[in-house]
Each structure stands twice: as C-alpha cells, then as structure tokens.
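Participant: The structure under discussion is supplied below as structure tokens; questions concerning it will follow.
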Amino acid sequence: MTADPNSVAIVGAGIVGMSAALYLRRAGFPVALIDPLPPGGGASYGNAGLISIESCVPVALPGMLSEVPRWLTQPLAPLAVRPRYLLRALPWLLRWVAAGRMPRVEAAAAALRALHVNALDRYRELLGAEFDDVIRVAGQVHIRESAEPSASEAIYRRLWERHGVAAEWLSADELRQLVPQLTGGVTRAVFLPKNGHTLNPRRLVATLARLFTEAGGTVLAERVLKLVPEGSGWRVVTSSANHIVGKVVVSAGAWSMQLLRPLGVRLPLETERGYHMMLRDASVAPRLPILSRGRGFSITPMEQGLRLAGTVEIGGLDLPMNEERAYVLLRQARQVLPGLEASDFSIWMGFRPSFPDSLPVIDEVPGRRGLFLAFGHGHTGMTGGAPTGRLVKQLVAGEPADVRLAPYSARRFH
Ligand SMILES: Cc1cc2nc3c(=O)[nH]c(=O)nc-3n(C[C@H](O)[C@H](O)[C@H](O)COP(=O)(O)OP(=O)(O)OC[C@H]3O[C@@H](n4cnc5c(N)ncnc54)[C@H](O)[C@@H]3O)c2cc1C
C-alpha cells in the first residue's frame with residue numbers, strides 16, 4: 001500500500017500536537033491525530049495555565065551546582081531529585097548544570113524570546129472568536145521575597161532589558177492595589193502586563209480539538225506502539241490499527257523518546273515532574289496570576305477555582321507520585337495569601353518534557369525523511385505550543401519558518 005505523501009499522523013494530543021494538527025489541517029493536509037487520552041490529557045491538562053510571552057530566561061542558571069545537596073536531601077523542596085532515580089538522571093543533570101553557563105543562558109534566552117513573543121497572536125490565529133472564552137491577558141505578578149535582589153534576579157533583569165520585556169517594578173502601594181490579598185511581608189514584585197493565562201488548560205486544548213475536527217481532521221483514540229519507515233512514508237503501528245502515512249510528527253511530550261529510541265534517535269529528554277492542587281472553594285480570589293520563583297510555584301485564577309501549580313521533581317516516568325508535594329503547595333500559598341482556606345480540592349502530578357537547555361526540539365530527523373519532532377517544551381509548553389504548531393506546519397509544508405530554527409534543532413546535542 002502506498003501512502004498519500006501529504007498525509008500526516010501526529011502522535012500526541014497535548015497542546016503541541018493539537019496546535020500542529022490544526023495548523024496543518026487548515027493548510028490542507030489530511031491529518032490524523034493519535035492519542036489514547038482525550039485531547040489535553042497529559043502535561044497540558046494540569047499546568048499553571050500561564051501563557052508567558054515575556055518568558056525568556058531558561059531554568060538552568062549559573063550557581064546551580066551549590067544547590068545539588070539540597071535537591072537530594074529535601075524531598076519537599078521546590079526542586080528535588082528522587083534518590084532512587086539519581087543514577088539514571090545524572091547525565092541529564094550534568095548537562096543541565098552545564099547549560100547554566102552564562103553564554104549558553106544568553107543563547108537560550110534569545111531562542112526562547114523568538115519562540116514565545118508572538119504566542120498570544122498565534123492563539124488568536126488558532127482560536128479566532130473563541131480566544132476570549134479561554135484566554136485572559138491580565139498580566140502576571142512575580143513576587144520576590146528576599147530583602148535584597150539575588151544573583152539570579154540580576155540575570156532576569158539583564159535578560160529582560162536586553163529583549164525588551166515590558167517589566168514594571170512595583171512599589172509596595174502599587175503591589176497592594178494589584179493584589180490586595182497578598183501578605184504585607186512581600187514588598188518587592190514585578191508586573192508583566194503583556195503575559196496572559198488560560199482559564200482552563202484542558203478546555204483550551206479541547207477547543208483546538210473541536211476546531212480541528214470541524215476543519216475535517218481525524219482524532220484516533222489509539223496508542224502508537226511503533227513507527228516503521230515504509231517506502232517513502234511511514235507505517236504507524238497502534239494499539240488497534242496500522243496507518244500508512246507520508247509524514248509523522250512526534251509530539252508525545254515526555255514519552256516521545258519511547259517511540260524514537262528504536263529508530264536510533266538519541267536525545268537527552270528528561271521529565272521534570274510538577275504538581276498541582278486545584279482549590280474549588282478558595283476563600284481568597286486574586287484576579288491575576290501570582291508567581292513566586294523562590295517557592296517554585298504559581299497561583300492562577302481559573303474557571304474551576306484557584307490553581308496552585310509548579311515545583312520540579314526529577315523522578316522519571318515510572319516512580320509513583322509523592323502527594324505530599326501537592327499538599328506543600330497549599331502551605332506555601334498560605335504564606336503568600338494569608339487566610340487562604342479551602343476544603344474542596346484535587347491534586348495532580350504531570351510530566352514536563354524537558355531538555356537541559358530549556359528549549360524544545362522542532363526539527364525533521366536527519367536521515368529520516370518525513371519524521372518530524374516537536375517536543376521538549378519543559379516549563380513553557382502552554383506558551384510555546386501554538387507558535388510551535390505553526391513552525392511544524394511550515395517545516396512539513398517546506399515553507400520558510402517564522403524564526404531561525406537552528407536553536408531548536410535535534411543536532412545541537414551531538
Ligand atoms: C505543574 C506544571 C505547571 C506548568 N505550568 C505551565 C505554565 O504555566 N505555562 C506554560 O507555558 N507551561 C507550563 N507547564 C508546561 C506545559 O504543561 C508542558 O510543557 C506542555 O503541556 C507540554 O505539552 P505537550 O503537548 O508537549 O505534552 P503533553 O501535554 O504531555 O501531551 C503529550 C501527549 O502524548 C500522548 N502520548 C504519549 N505517548 C503516546 C503514544 N505512544 N501514542 C499516542 N500518544 C501518546 C500522551 O497521552 C499525551 O496526551 C507546566 C507543567 C507542569 C507539570
């Protein structure tokens with residue numbers, strides 16, 4: 001059987017796969033989106049929902065090495081490594097620390113800026129009239145709790161300035177006006193007015209899925225087991241069928257390497273597990289998201305209530321969740337929003353797909369024609385999802401790309 005050279009199978013219906021699917025379908029490609037979960041069931045389900053177009057500072061920064069003992073000995077710290085997983089994670093952790101050298105931080109910042117800066121426009125393009133139904137552009141408040149600026153804060157300031165980020169440092173009075181619920185103990189904060197957030201990450205992805213099927217795309221509830229090159233196309237072997245297609249896009253988030261390793265693709269993808277606690281009856285209701293870098297989490301007002309989400313746990317795809325890490329989020333939030341009470345809540349853990357340099361891979365696999373990669377967005381996949389979708393469409397269609405693709409290439413690790 002020969003494949004229609006234009007037909008595309010997309011593996012993974014998270015924000016990245018779903019955005020790529022909609023862009024490709026609207027460009028006229030026959031597209032099947034394959035995922036055993038309903039759209040938006042992976043990391044794209046439970047994140048903090050921040051669409052941070054101003055986000056351009058990678059996670060790894062200078063000085064990380066001194067933090068390592070804390071990562072290993074404090075399982076509830078904002079960043080923790082599960083001791084049982086340490087050996088497996090070590091090569092990735094070493095690359096992570098190396099990515100924190102300043103020249104590499106600067107290069108990553110430029111590439112993050114290029115990917116994120118138009119993200120809200122890309123969501124407007126995809127969602128059309130439904131944009132306002134799922135996304136708010138109310139800005140974000142980033143609080144700083146140390147009395148004096150830390151070394152990493154100085155790096156943030158420098159990179160924000162270099163990239164023209166609209167960052168307004170607030171006086172204590174201005175801060176109190178924006179977020180009256182905040183503890184008086186926080187006196188330093190910065191307001192990023194151009195950033196947005198979604199009212200419901202799952203509904204955002206589900207809306208894209210509906211627009212995709214309305215445009216004639218197909219969603220298949222199947223697990224992809226293997227990708228096999230066949231003629232000039234690909235055989236996609238799933239839990240219930242074989243699909244013969246011209247092109248495949250792997251956007252399976254943290255699970256992407258399970259399909260790529262058998263094809264000889266080697267990339268340092270790790271998962272940074274994160275947690276959330278969704279408070280449905282929170283007694284305190286800030287009107288815009290609050291982020292605390294020091295505590296490693298954010299507080300986002302959503303349509304279901306207040307979502308506390310974040311932290312990083314290096315523990316792979318198989319170790320069970322440590323639910324205590326979700327409960328810590330509530331204790332942390334009470335330090336910031338005194339009087340915060342809630343009795344109706346749920347907890348969640350999800351898998352950020354992360355490369356050491358905080359950049360995704362958006363590329364065609366060298367030597368494997370028709371096999372495209374779009375994963376590894378780490379902490380900012382809800383932001384980078386829509387712009388990545390458009391870049392994938394441009395790659396697949398052989399069109400010039402919106403941005404220089406070299407920083408997101410798969411070759412950068414070799
Ligand atoms: C706690 C937390 C907070 C976060 N907060 C933010 C935030 O505020 N802003 C932001 O921009 N980003 C945030 N992120 C990051 C963001 O959620 C992720 O980067 C993004 O969701 C990744 O999207 P994805 O489509 O690549 O992967 P996913 O959403 O994980 O989707 C991958 C999909 O692939 C499917 N799949 C896997 N294997 C197969 C297979 N073999 N066959 C078929 N399908 C398969 C899975 O079922 C899944 O549905 C946060 C993440 C976490 C964990």
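How things are named: the first chain in the structure tokens is A, the next is B, and so on; residues count from 1 in each chain; ligands count from 1 in the order shown.
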Go through the chains and note each residue within 7 Å of ligand 1, using only C-alpha atoms and all ligand atoms, then give the set as a PDB file with N, CA and C atoms, in the first residue's frame.
Facilitator:
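File selection-v3.pdb, as written:
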```pdb
ATOM      1  N   VAL A  11       1.451  12.245  16.568  1.00  0.00           N
ATOM      2  CA  VAL A  11       1.408  11.402  17.760  1.00  0.00           C
ATOM      3  C   VAL A  11       1.385  12.295  18.994  1.00  0.00           C
ATOM      4  N   GLY A  12       0.267  12.306  19.717  1.00  0.00           N
ATOM      5  CA  GLY A  12       0.171  13.097  20.940  1.00  0.00           C
ATOM      6  C   GLY A  12      -0.758  14.282  20.780  1.00  0.00           C
ATOM      7  N   ALA A  13      -1.817  14.298  21.598  1.00  0.00           N
ATOM      8  CA  ALA A  13      -2.823  15.372  21.519  1.00  0.00           C
ATOM      9  C   ALA A  13      -2.705  16.308  22.712  1.00  0.00           C
ATOM     10  N   GLY A  14      -1.472  16.704  23.032  1.00  0.00           N
ATOM     11  CA  GLY A  14      -1.276  17.774  24.012  1.00  0.00           C
ATOM     12  C   GLY A  14      -1.361  19.109  23.272  1.00  0.00           C
ATOM     13  N   ILE A  15      -0.964  20.173  23.961  1.00  0.00           N
ATOM     14  CA  ILE A  15      -1.066  21.498  23.342  1.00  0.00           C
ATOM     15  C   ILE A  15      -0.207  21.578  22.089  1.00  0.00           C
ATOM     16  N   VAL A  16       0.931  20.873  22.078  1.00  0.00           N
ATOM     17  CA  VAL A  16       1.846  20.978  20.933  1.00  0.00           C
ATOM     18  C   VAL A  16       1.263  20.230  19.729  1.00  0.00           C
ATOM     19  N   GLY A  17       0.904  18.953  19.925  1.00  0.00           N
ATOM     20  CA  GLY A  17       0.358  18.168  18.820  1.00  0.00           C
ATOM     21  C   GLY A  17      -0.938  18.754  18.289  1.00  0.00           C
ATOM     22  N   ILE A  34      -3.286  11.130  16.878  1.00  0.00           N
ATOM     23  CA  ILE A  34      -3.424   9.840  17.555  1.00  0.00           C
ATOM     24  C   ILE A  34      -2.987   9.969  19.019  1.00  0.00           C
ATOM     25  N   ASP A  35      -3.851   9.576  19.925  1.00  0.00           N
ATOM     26  CA  ASP A  35      -3.536   9.620  21.369  1.00  0.00           C
ATOM     27  C   ASP A  35      -4.561   8.752  22.097  1.00  0.00           C
ATOM     28  N   PRO A  36      -4.118   7.882  23.009  1.00  0.00           N
ATOM     29  CA  PRO A  36      -5.109   7.096  23.749  1.00  0.00           C
ATOM     30  C   PRO A  36      -5.928   7.953  24.713  1.00  0.00           C
ATOM     31  N   LEU A  37      -5.376   9.107  25.111  1.00  0.00           N
ATOM     32  CA  LEU A  37      -6.100  10.004  26.031  1.00  0.00           C
ATOM     33  C   LEU A  37      -6.897  11.025  25.226  1.00  0.00           C
ATOM     34  N   PRO A  39      -7.933  14.756  24.030  1.00  0.00           N
ATOM     35  CA  PRO A  39      -7.042  15.908  23.860  1.00  0.00           C
ATOM     36  C   PRO A  39      -6.841  16.683  25.172  1.00  0.00           C
ATOM     37  N   GLY A  40      -5.571  16.987  25.447  1.00  0.00           N
ATOM     38  CA  GLY A  40      -5.259  17.742  26.661  1.00  0.00           C
ATOM     39  C   GLY A  40      -5.293  16.880  27.905  1.00  0.00           C
ATOM     40  N   GLY A  41      -4.846  15.649  27.793  1.00  0.00           N
ATOM     41  CA  GLY A  41      -4.867  14.751  28.949  1.00  0.00           C
ATOM     42  C   GLY A  41      -3.504  14.555  29.591  1.00  0.00           C
ATOM     43  N   GLY A  42      -2.427  15.044  28.967  1.00  0.00           N
ATOM     44  CA  GLY A  42      -1.080  14.857  29.516  1.00  0.00           C
ATOM     45  C   GLY A  42      -0.680  16.048  30.372  1.00  0.00           C
ATOM     46  N   ALA A  43       0.572  16.504  30.189  1.00  0.00           N
ATOM     47  CA  ALA A  43       1.033  17.683  30.942  1.00  0.00           C
ATOM     48  C   ALA A  43       0.136  18.882  30.647  1.00  0.00           C
ATOM     49  N   SER A  44      -0.450  18.882  29.448  1.00  0.00           N
ATOM     50  CA  SER A  44      -1.281  20.024  29.054  1.00  0.00           C
ATOM     51  C   SER A  44      -2.578  20.108  29.853  1.00  0.00           C
ATOM     52  N   TYR A  45      -2.857  19.109  30.664  1.00  0.00           N
ATOM     53  CA  TYR A  45      -4.075  19.134  31.480  1.00  0.00           C
ATOM     54  C   TYR A  45      -3.912  20.012  32.732  1.00  0.00           C
ATOM     55  N   GLY A  46      -2.862  19.750  33.489  1.00  0.00           N
ATOM     56  CA  GLY A  46      -2.846  20.247  34.875  1.00  0.00           C
ATOM     57  C   GLY A  46      -1.876  21.366  35.163  1.00  0.00           C
ATOM     58  N   ASN A  47      -1.337  21.978  34.099  1.00  0.00           N
ATOM     59  CA  ASN A  47      -0.308  23.006  34.330  1.00  0.00           C
ATOM     60  C   ASN A  47      -0.908  24.277  34.932  1.00  0.00           C
ATOM     61  N   ALA A  48      -0.015  25.280  35.117  1.00  0.00           N
ATOM     62  CA  ALA A  48      -0.467  26.528  35.749  1.00  0.00           C
ATOM     63  C   ALA A  48      -1.206  27.441  34.772  1.00  0.00           C
ATOM     64  N   GLY A  49      -1.211  27.077  33.500  1.00  0.00           N
ATOM     65  CA  GLY A  49      -2.022  27.821  32.530  1.00  0.00           C
ATOM     66  C   GLY A  49      -1.456  29.160  32.102  1.00  0.00           C
ATOM     67  N   LEU A  50      -0.207  29.422  32.448  1.00  0.00           N
ATOM     68  CA  LEU A  50       0.350  30.746  32.145  1.00  0.00           C
ATOM     69  C   LEU A  50       0.811  30.800  30.694  1.00  0.00           C
ATOM     70  N   ILE A  51       0.369  31.801  29.976  1.00  0.00           N
ATOM     71  CA  ILE A  51       0.839  31.999  28.609  1.00  0.00           C
ATOM     72  C   ILE A  51       1.772  33.196  28.691  1.00  0.00           C
ATOM     73  N   SER A  52       3.035  32.856  28.931  1.00  0.00           N
ATOM     74  CA  SER A  52       4.028  33.857  29.352  1.00  0.00           C
ATOM     75  C   SER A  52       4.850  34.279  28.156  1.00  0.00           C
ATOM     76  N   GLU A 222      -6.010   5.918  20.017  1.00  0.00           N
ATOM     77  CA  GLU A 222      -5.148   4.732  19.939  1.00  0.00           C
ATOM     78  C   GLU A 222      -3.773   5.089  20.483  1.00  0.00           C
ATOM     79  N   ARG A 223      -3.077   4.074  21.008  1.00  0.00           N
ATOM     80  CA  ARG A 223      -1.691   4.299  21.458  1.00  0.00           C
ATOM     81  C   ARG A 223      -0.745   3.891  20.335  1.00  0.00           C
ATOM     82  N   VAL A 224       0.189   4.742  19.989  1.00  0.00           N
ATOM     83  CA  VAL A 224       1.169   4.369  18.968  1.00  0.00           C
ATOM     84  C   VAL A 224       2.221   3.471  19.608  1.00  0.00           C
ATOM     85  N   LEU A 225       2.430   2.301  19.007  1.00  0.00           N
ATOM     86  CA  LEU A 225       3.382   1.337  19.563  1.00  0.00           C
ATOM     87  C   LEU A 225       4.724   1.400  18.852  1.00  0.00           C
ATOM     88  N   SER A 251       4.880  14.331  18.772  1.00  0.00           N
ATOM     89  CA  SER A 251       4.674  15.382  19.783  1.00  0.00           C
ATOM     90  C   SER A 251       4.048  14.706  21.005  1.00  0.00           C
ATOM     91  N   ALA A 252       4.730  13.675  21.453  1.00  0.00           N
ATOM     92  CA  ALA A 252       4.213  12.854  22.551  1.00  0.00           C
ATOM     93  C   ALA A 252       4.795  13.302  23.889  1.00  0.00           C
ATOM     94  N   GLY A 253       5.165  14.580  23.992  1.00  0.00           N
ATOM     95  CA  GLY A 253       5.629  15.137  25.262  1.00  0.00           C
ATOM     96  C   GLY A 253       6.742  14.294  25.867  1.00  0.00           C
ATOM     97  N   ALA A 254       6.639  14.058  27.165  1.00  0.00           N
ATOM     98  CA  ALA A 254       7.701  13.367  27.912  1.00  0.00           C
ATOM     99  C   ALA A 254       7.897  11.918  27.461  1.00  0.00           C
ATOM    100  N   TRP A 255       6.944  11.387  26.689  1.00  0.00           N
ATOM    101  CA  TRP A 255       7.017   9.978  26.253  1.00  0.00           C
ATOM    102  C   TRP A 255       7.607   9.845  24.853  1.00  0.00           C
ATOM    103  N   SER A 256       7.998  10.949  24.259  1.00  0.00           N
ATOM    104  CA  SER A 256       8.392  10.934  22.842  1.00  0.00           C
ATOM    105  C   SER A 256       9.538   9.969  22.550  1.00  0.00           C
ATOM    106  N   LEU A 259       9.230   6.203  21.414  1.00  0.00           N
ATOM    107  CA  LEU A 259       8.996   5.854  20.008  1.00  0.00           C
ATOM    108  C   LEU A 259      10.229   6.096  19.148  1.00  0.00           C
ATOM    109  N   ARG A 273       8.949  16.478  36.742  1.00  0.00           N
ATOM    110  CA  ARG A 273       7.578  16.279  37.211  1.00  0.00           C
ATOM    111  C   ARG A 273       7.127  17.495  38.021  1.00  0.00           C
ATOM    112  N   GLY A 274       5.872  17.877  37.810  1.00  0.00           N
ATOM    113  CA  GLY A 274       5.327  19.008  38.556  1.00  0.00           C
ATOM    114  C   GLY A 274       3.992  18.615  39.171  1.00  0.00           C
ATOM    115  N   TYR A 275       3.550  19.394  40.155  1.00  0.00           N
ATOM    116  CA  TYR A 275       2.324  19.052  40.881  1.00  0.00           C
ATOM    117  C   TYR A 275       1.344  20.214  40.860  1.00  0.00           C
ATOM    118  N   HIS A 276       0.077  19.893  41.026  1.00  0.00           N
ATOM    119  CA  HIS A 276      -0.856  20.984  41.278  1.00  0.00           C
ATOM    120  C   HIS A 276      -1.855  20.598  42.363  1.00  0.00           C
ATOM    121  N   ALA A 309       0.239  25.595  41.293  1.00  0.00           N
ATOM    122  CA  ALA A 309       0.929  24.610  40.442  1.00  0.00           C
ATOM    123  C   ALA A 309       2.393  24.948  40.293  1.00  0.00           C
ATOM    124  N   GLY A 310       3.200  23.894  40.202  1.00  0.00           N
ATOM    125  CA  GLY A 310       4.621  24.107  39.937  1.00  0.00           C
ATOM    126  C   GLY A 310       5.501  23.082  40.597  1.00  0.00           C
ATOM    127  N   THR A 311       6.663  23.501  40.997  1.00  0.00           N
ATOM    128  CA  THR A 311       7.767  22.725  41.571  1.00  0.00           C
ATOM    129  C   THR A 311       8.317  21.705  40.567  1.00  0.00           C
ATOM    130  N   MET A 349      -0.291  15.194  39.456  1.00  0.00           N
ATOM    131  CA  MET A 349       1.121  15.277  39.065  1.00  0.00           C
ATOM    132  C   MET A 349       1.218  15.115  37.552  1.00  0.00           C
ATOM    133  N   GLY A 350       2.080  15.877  36.915  1.00  0.00           N
ATOM    134  CA  GLY A 350       2.243  15.762  35.458  1.00  0.00           C
ATOM    135  C   GLY A 350       3.709  15.795  35.074  1.00  0.00           C
ATOM    136  N   PHE A 351       3.957  15.474  33.809  1.00  0.00           N
ATOM    137  CA  PHE A 351       5.324  15.244  33.324  1.00  0.00           C
ATOM    138  C   PHE A 351       5.724  16.302  32.301  1.00  0.00           C
ATOM    139  N   ARG A 352       6.521  17.291  32.750  1.00  0.00           N
ATOM    140  CA  ARG A 352       7.045  18.260  31.775  1.00  0.00           C
ATOM    141  C   ARG A 352       8.082  17.533  30.916  1.00  0.00           C
ATOM    142  N   PRO A 353       8.028  17.725  29.605  1.00  0.00           N
ATOM    143  CA  PRO A 353       9.079  17.137  28.745  1.00  0.00           C
ATOM    144  C   PRO A 353      10.222  18.136  28.615  1.00  0.00           C
ATOM    145  N   PHE A 375       8.774  18.472  20.543  1.00  0.00           N
ATOM    146  CA  PHE A 375       8.570  18.190  21.969  1.00  0.00           C
ATOM    147  C   PHE A 375       9.736  18.764  22.778  1.00  0.00           C
ATOM    148  N   GLY A 376       9.554  18.740  24.104  1.00  0.00           N
ATOM    149  CA  GLY A 376      10.629  19.197  24.986  1.00  0.00           C
ATOM    150  C   GLY A 376      10.448  20.641  25.433  1.00  0.00           C
ATOM    151  N   HIS A 377       9.204  21.088  25.536  1.00  0.00           N
ATOM    152  CA  HIS A 377       8.945  22.498  25.881  1.00  0.00           C
ATOM    153  C   HIS A 377       9.059  22.789  27.376  1.00  0.00           C
ATOM    154  N   GLY A 378       9.322  21.774  28.175  1.00  0.00           N
ATOM    155  CA  GLY A 378       9.619  21.990  29.592  1.00  0.00           C
ATOM    156  C   GLY A 378       8.572  22.810  30.312  1.00  0.00           C
ATOM    157  N   HIS A 379       9.016  23.906  30.929  1.00  0.00           N
ATOM    158  CA  HIS A 379       8.152  24.724  31.785  1.00  0.00           C
ATOM    159  C   HIS A 379       7.208  25.633  30.993  1.00  0.00           C
ATOM    160  N   THR A 380       7.413  25.741  29.668  1.00  0.00           N
ATOM    161  CA  THR A 380       6.659  26.758  28.938  1.00  0.00           C
ATOM    162  C   THR A 380       5.945  26.207  27.693  1.00  0.00           C
ATOM    163  N   GLY A 381       5.484  24.973  27.791  1.00  0.00           N
ATOM    164  CA  GLY A 381       4.799  24.382  26.634  1.00  0.00           C
ATOM    165  C   GLY A 381       3.439  24.999  26.353  1.00  0.00           C
ATOM    166  N   MET A 382       2.749  25.496  27.385  1.00  0.00           N
ATOM    167  CA  MET A 382       1.445  26.133  27.123  1.00  0.00           C
ATOM    168  C   MET A 382       1.662  27.455  26.392  1.00  0.00           C
ATOM    169  N   THR A 383       2.835  28.033  26.583  1.00  0.00           N
ATOM    170  CA  THR A 383       3.179  29.260  25.879  1.00  0.00           C
ATOM    171  C   THR A 383       3.681  28.928  24.473  1.00  0.00           C
ATOM    172  N   GLY A 384       4.613  27.995  24.402  1.00  0.00           N
ATOM    173  CA  GLY A 384       5.246  27.680  23.117  1.00  0.00           C
ATOM    174  C   GLY A 384       4.409  26.782  22.219  1.00  0.00           C
ATOM    175  N   GLY A 385       3.298  26.248  22.718  1.00  0.00           N
ATOM    176  CA  GLY A 385       2.511  25.275  21.949  1.00  0.00           C
ATOM    177  C   GLY A 385       2.034  25.810  20.600  1.00  0.00           C
TER     178      GLY A 385
END
```
Participant: Give me, as a Markdown table, each residue of range 179-231 of chain A that comes within 12 Å of range 124-138 of chain A, together with its shortest interatomic pair and the distance in Å at one decimal, counting only C-alpha atoms, with rows ordered by chain and rising residue number.
Facilitator:
```
| residue | atom | partner | partner_atom | distance |
| --- | --- | --- | --- | --- |
| A:Phe191 | CA | A:Ala138 | CA | 10.2 |
| A:Leu192 | CA | A:Ala138 | CA | 9.0 |
| A:Pro193 | CA | A:Ala138 | CA | 6.6 |
| A:Lys194 | CA | A:Val137 | CA | 6.7 |
| A:Asn195 | CA | A:Val137 | CA | 6.1 |
| A:Gly196 | CA | A:Val137 | CA | 4.0 |
| A:His197 | CA | A:Arg136 | CA | 5.6 |
| A:Thr198 | CA | A:Ile135 | CA | 4.3 |
| A:Leu199 | CA | A:Val134 | CA | 5.4 |
| A:Asn200 | CA | A:Val134 | CA | 6.6 |
| A:Pro201 | CA | A:Val134 | CA | 8.2 |
| A:Arg202 | CA | A:Val134 | CA | 9.9 |
| A:Arg203 | CA | A:Val134 | CA | 7.3 |
| A:Leu204 | CA | A:Val134 | CA | 6.0 |
| A:Val205 | CA | A:Val134 | CA | 9.8 |
| A:Ala206 | CA | A:Val134 | CA | 10.6 |
| A:Thr207 | CA | A:Leu127 | CA | 7.8 |
| A:Leu208 | CA | A:Leu127 | CA | 7.0 |
| A:Ala209 | CA | A:Leu127 | CA | 10.6 |
| A:Arg210 | CA | A:Leu127 | CA | 10.4 |
| A:Leu211 | CA | A:Leu127 | CA | 8.0 |
| A:Phe212 | CA | A:Leu126 | CA | 9.7 |
| A:Ala215 | CA | A:Leu126 | CA | 11.7 |
```
Participant: Have a look at A:Glu399, A:Gln394, A:Gln335, A:Pro407 and name the one nearest to Tyr23 in chain A; count only C-alpha atoms.
Facilitator: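 Ranked by minimum distance to Tyr23 in chain A, first place goes to A:Gln394.
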Participant: With distances taken over only C-alpha atoms, which of A:Arg82, A:Arg113, A:Arg26, A:Arg188 is nearest to Leu317 in chain A?
Facilitator: A:Arg82
Participant: What does the distance from CA of Thr300 in chain A to CA of Ala285 in chain A come to in Å, to one decimal?
Facilitator: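 Taking CA of Thr300 in chain A and CA of Ala285 in chain A, their separation equals 9.5 Å.
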Participant: For a quick check of understanding, using only C-alpha atoms, which of A:Pro400, A:Gly294, A:Pro286, A:Gly63 has the smallest distance to Arg176 in chain A?
Facilitator: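 Of the candidates, the smallest distance to Arg176 in chain A is held by A:Pro286.
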Participant: Show me, as a PyMOL selection string, the residues that have an atom within 7 Å of Pro301 in chain A when counting only C-alpha atoms, minus same-chain residues fewer than 6 positions from it.
Facilitator: chain A and resi 286-289+307
Participant: I'd like the contact shell of Leu72 in chain A - 9 Å cut-off, only C-alpha atoms, skipping same-chain residues fewer than 5 positions apart - returned as a PDB file with C-alpha atoms, in the first residue's frame.
Facilitator:
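The new file selection25.pdb reads:
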```pdb
ATOM      1  CA  ALA A  80      14.033  17.740  44.373  1.00  0.00           C
ATOM      2  CA  VAL A  81      15.685  14.675  42.872  1.00  0.00           C
ATOM      3  CA  ARG A  82      14.316  11.269  43.913  1.00  0.00           C
ATOM      4  CA  PRO A  83      17.412   9.411  45.241  1.00  0.00           C
ATOM      5  CA  LEU A  86      19.603   9.828  40.662  1.00  0.00           C
TER       6      LEU A  86
END
```
Participant: Would you kindly return, as a ChimeraX atom specification, each protein, DNA or RNA residue with an atom no farther than 8 Å from any atom of Val57 in chain A, considering only C-alpha atoms and excluding same-chain residues fewer than 6 positions away?
Facilitator: /A:105,108-109,112,156,159
Participant: Rank A:Glu174, A:Asp121, A:Glu67, A:Glu313 by their smallest atom-to-atom distance to Val190 in chain A, using only C-alpha atoms, and report the top residue only.
Facilitator: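 When distances to Val190 in chain A are compared using only C-alpha atoms, the smallest one comes from A:Glu174.
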